[in-house]
2 protein chains.
Amino acid sequence: MALENLSKDLGRVSTDTMADIVELRLREYFKKKSFKPGDPLPKEMELVAALGVSRNVVREALSRLRMLGMIETRKKRGMLLARPDVLGTFERVLDPLIIDDSTLQDLFELRLVLEMGLADLLFLRKTDKDILQLEKIARDEGHEGEKKFRVKNEIAFHGKLYEMTGNNTLKRFQVMLLPVFGYVTTMEKEEYKIGKVNHVDLVEILKTGTKEDFKAGMYEHLKPHFDSLANK
Amino acid sequence: MALENLSKDLGRVSTDTMADIVELRLREYFKKKSFKPGDPLPKEMELVAALGVSRNVVREALSRLRMLGMIETRKKRGMLLARPDVLGTFERVLDPLIIDDSTLQDLFELRLVLEMGLADLLFLRKTDKDILQLEKIARDEGHEGEKKFRVKNEIAFHGKLYEMTGNNTLKRFQVMLLPVFGYVTTMEKEEYKIGKVNHVDLVEILKTGTKEDFKAGMYEHLKPHFDSLANK
DNA sequence: TAAAGTTATTATGTAGTACATATTATTAAC
DNA sequence: GTTAATAATATGTACTACATAATAACTTTA
């Protein structure tokens with residue numbers, strides 16, 4: 001009999017540590033009791049007694065939840081349920097040097113998807129003031145030719161687009177993905193190519209064109225990236 | 001003098017615990033030494049000695065990194081740097097009941113952005129087989145009228161679209177956002193409205209239309225949601 | 001000599017004790 | 001009745017001890 005089958009028949013013995021289990025139990029407990037942010041939580045020693053494990057284990061589990069921002073602790077007052085920063089935790093593991101190539105590629109594509117999907121929010125919320133600022137960024141890039149500056153400007157321009165959606169989470173998400181994007185583009189040997197439509201053109205479309213024009217323009221702007229996807 | 005200014009002038013005393021500091025130090029250390037997944041890490045006791053803190057503190061910090069999947073531990077062999085699952089950590093804090101309304105709204109919009117931006121990847125990677133499966137899902141929804149089923153089918157259809165992009169991270173991301181989407185839509189009193197373009201129409205466009213047709217169709221399909229954004 | 005079995009070593013996992021510290025509650029002093 | 005001193009409490013940190021699993025080192029045996 002193949003070893004795999006045996007393993008399947010017997011069922012794998014869990015290698016979870018006590019801390020893993022307690023972490024899970026606490027999560028379930030909070031949800032089950034439908035605690036809300038600000039609600040006081042049981043004391044460490046109460047958890048120790050209820051769960052039948054050492055304080056050490058409980059503290060390791062709590063330490064994890066505290067890192068995620070799910071709980072806060074005030075000396076003497078005890079612990080409170082808190083509001084985790086959904087993106088903050090994401091940021092912690094978003095290191096291009098650790099992420100595998102396949103996921104990096106996925107994130108790169110994700111950025112393209114976001115960029116292409118921005119248009120609708122953009123046209124819903126753009127203001128004249130925003131467009132003026134965007135225009136300034138786009139014009140500035142003409143002056144200096146240094147590569148480092150060009151990259152910085154590229155980031156400023158696209159970052160401003162995200163900002164203009166008025167969606168703070170989206171904007172932060174973009175900032176987080178920047179290192180990934182930078183990493184993937186430098187991996188590809190090809191030079192920092194720009195499509196037929198440049199930043200100044202995009203601003204112009206934003207000012208006088210339609211949403212559809214902008215989408216088409218953005219695609220042309222990103223076309224070198226899409227082309228490289230097609231050739232895989 | 002206002003208290004805020006005083007606080008600014010003096011500089012706030014950090015309330016970080018030792019575990020917080022050690023966690024940060026370890027992160028920096030891994031990065032500085034450019035460890036790669038699979039590389040062995042120092043033993044707990046070595047870290048204790050090097051950092052000058054108790055084993056307890058070190059273990060709390062390590063416990064956090066282990067939760068994120070950044071490190072793995074094998075008894076006796078010690079610890080290894082591992083590849084964290086970038087989305088896994090995200091999932092841990094994505095509970096609609098805890099997230100504040102503003103962020104929920106942001107995530108709802110993020111989903112719309114993704115959906116609108118899918119088209120380019122979709123047209124790059126769609127296969128006839130995919131379209132057949134999608135068509136089957138779209139046709140199935142006509143038969144049963146129960147609301148629960150309709151929602152389930154809605155999820156299946158849009159989920160299939162993400163799947164067709166061939167981007168696994170994107171697909172998983174969508175699955176994670178589903179509870180948020182469900183939560184926000186049920187909060188809005190309005191009935192589960194569907195735009196002028198339905199799923200069958202979208203499949204038809206995917207089969208015979210252009211990318212631009214599809215984008216326009218998707219917008220019409222999601223229009224009720226965009227309209228509700230505009231009225232805020 | 002090589003395979004097999006036994007023992008020792010090592011690093012993590014868990015338990016428990018002790019004390020520091022900050023914050024609240026209580027009591028004492030004026 | 002307000003302020004000052006004191007006690008109580010919950011978390012933070014340190015330290016010791018031992019269990020356990022995985023490996024290494026060693027011994028035995030065919």
# chains A, B, ... in the order shown; residues from 1 in each chain; ligands from 1
call {"tool": "interface_residues", "arguments": {"of": "chain B", "to": "chain C", "cutoff": "10 Å", "atoms": "only C-alpha atoms (C1' of nucleotides)", "output": "ChimeraX atom specification"}}
result
/B:43-45,73-79
call {"tool": "select_by_dssp", "arguments": {"residues": "region 102-191 of chain B", "states": "alpha helix (DSSP H)", "output": "count of residues only"}}
result
75
call {"tool": "closest_atom_pairs", "arguments": {"of": "chain B", "to": "chain A", "cutoff": "7 Å", "atoms": "only C-alpha atoms", "output": "JSON lines"}}
result
{"residue": "B:Lys36", "atom": "CA", "partner": "A:Ile98", "partner_atom": "CA", "distance": 6.6}
{"residue": "B:Pro37", "atom": "CA", "partner": "A:Ile98", "partner_atom": "CA", "distance": 6.7}
{"residue": "B:Glu60", "atom": "CA", "partner": "A:Glu60", "partner_atom": "CA", "distance": 5.1}
{"residue": "B:Ser63", "atom": "CA", "partner": "A:Glu60", "partner_atom": "CA", "distance": 6.2}
{"residue": "B:Arg64", "atom": "CA", "partner": "A:Arg64", "partner_atom": "CA", "distance": 5.0}
{"residue": "B:Arg83", "atom": "CA", "partner": "A:Ile98", "partner_atom": "CA", "distance": 6.0}
{"residue": "B:Pro84", "atom": "CA", "partner": "A:Val93", "partner_atom": "CA", "distance": 6.5}
{"residue": "B:Val86", "atom": "CA", "partner": "A:Val93", "partner_atom": "CA", "distance": 5.9}
{"residue": "B:Thr89", "atom": "CA", "partner": "A:Phe90", "partner_atom": "CA", "distance": 6.4}
{"residue": "B:Phe90", "atom": "CA", "partner": "A:Phe90", "partner_atom": "CA", "distance": 5.4}
{"residue": "B:Val93", "atom": "CA", "partner": "A:Val86", "partner_atom": "CA", "distance": 5.9}
{"residue": "B:Leu94", "atom": "CA", "partner": "A:Val86", "partner_atom": "CA", "distance": 6.5}
{"residue": "B:Ile98", "atom": "CA", "partner": "A:Arg83", "partner_atom": "CA", "distance": 6.0}
{"residue": "B:Ile99", "atom": "CA", "partner": "A:Arg83", "partner_atom": "CA", "distance": 6.3}
{"residue": "B:Thr103", "atom": "CA", "partner": "A:Thr169", "partner_atom": "CA", "distance": 6.7}
{"residue": "B:Asp106", "atom": "CA", "partner": "A:Asn167", "partner_atom": "CA", "distance": 5.7}
{"residue": "B:Leu110", "atom": "CA", "partner": "A:Leu170", "partner_atom": "CA", "distance": 6.6}
{"residue": "B:Val113", "atom": "CA", "partner": "A:Gly117", "partner_atom": "CA", "distance": 4.5}
{"residue": "B:Leu114", "atom": "CA", "partner": "A:Leu114", "partner_atom": "CA", "distance": 5.7}
{"residue": "B:Met116", "atom": "CA", "partner": "A:Gly117", "partner_atom": "CA", "distance": 4.8}
{"residue": "B:Gly117", "atom": "CA", "partner": "A:Gly117", "partner_atom": "CA", "distance": 3.8}
{"residue": "B:Leu118", "atom": "CA", "partner": "A:Val113", "partner_atom": "CA", "distance": 5.8}
{"residue": "B:Leu124", "atom": "CA", "partner": "A:Ala230", "partner_atom": "CA", "distance": 6.9}
{"residue": "B:Asn167", "atom": "CA", "partner": "A:Asp106", "partner_atom": "CA", "distance": 5.7}
{"residue": "B:Thr169", "atom": "CA", "partner": "A:Asp106", "partner_atom": "CA", "distance": 5.9}
{"residue": "B:Leu170", "atom": "CA", "partner": "A:Leu110", "partner_atom": "CA", "distance": 6.6}
{"residue": "B:Ala230", "atom": "CA", "partner": "A:Leu124", "partner_atom": "CA", "distance": 6.9}
call {"tool": "select_by_dssp", "arguments": {"residues": "region 18-221 of chain A", "states": "strand (DSSP E or B)", "output": "list of chain:residue names"}}
result
A:Pro40, A:Ile71, A:Glu72, A:Thr73, A:Arg74, A:Gly78, A:Met79, A:Leu80, A:Leu81
call {"tool": "interface_residues", "arguments": {"of": "chain D", "to": "chain B", "cutoff": "12 Å", "atoms": "only C-alpha atoms (C1' of nucleotides)", "output": "MDAnalysis selection string"}}
result
chainID D and resid 11:16 20:24
call {"tool": "write_last_selection", "arguments": {"atoms": "C-alpha atoms (C1' of nucleotides)", "output": "PDB file, in the first residue's frame"}}
result
ATOM      1  C1'  DT D  11       0.234  42.668  32.817  1.00  0.00           C
ATOM      2  C1'  DG D  12       5.390  42.414  31.728  1.00  0.00           C
ATOM      3  C1'  DT D  13       9.732  40.132  32.456  1.00  0.00           C
ATOM      4  C1'  DA D  14      12.971  36.729  34.303  1.00  0.00           C
ATOM      5  C1'  DC D  15      14.300  32.284  35.602  1.00  0.00           C
ATOM      6  C1'  DT D  16      14.137  27.253  36.512  1.00  0.00           C
ATOM      7  C1'  DT D  20       9.666  15.464  23.862  1.00  0.00           C
ATOM      8  C1'  DA D  21      11.241  14.715  19.380  1.00  0.00           C
ATOM      9  C1'  DA D  22      15.008  14.465  16.226  1.00  0.00           C
ATOM     10  C1'  DT D  23      19.588  13.795  15.415  1.00  0.00           C
ATOM     11  C1'  DA D  24      24.356  12.203  16.391  1.00  0.00           C
TER      12       DA D  24
END
call {"tool": "residues_around", "arguments": {"residues": "region 192-207 of chain B", "least_positions_apart": "4", "cutoff": "7 Å", "atoms": "only C-alpha atoms (C1' of nucleotides)", "output": "list in words"}}
result
Glu135, Ala138, Arg139, Asp213, Phe214, Gly217, Glu220, His221, Leu222, Lys223 and Pro224 of chain B
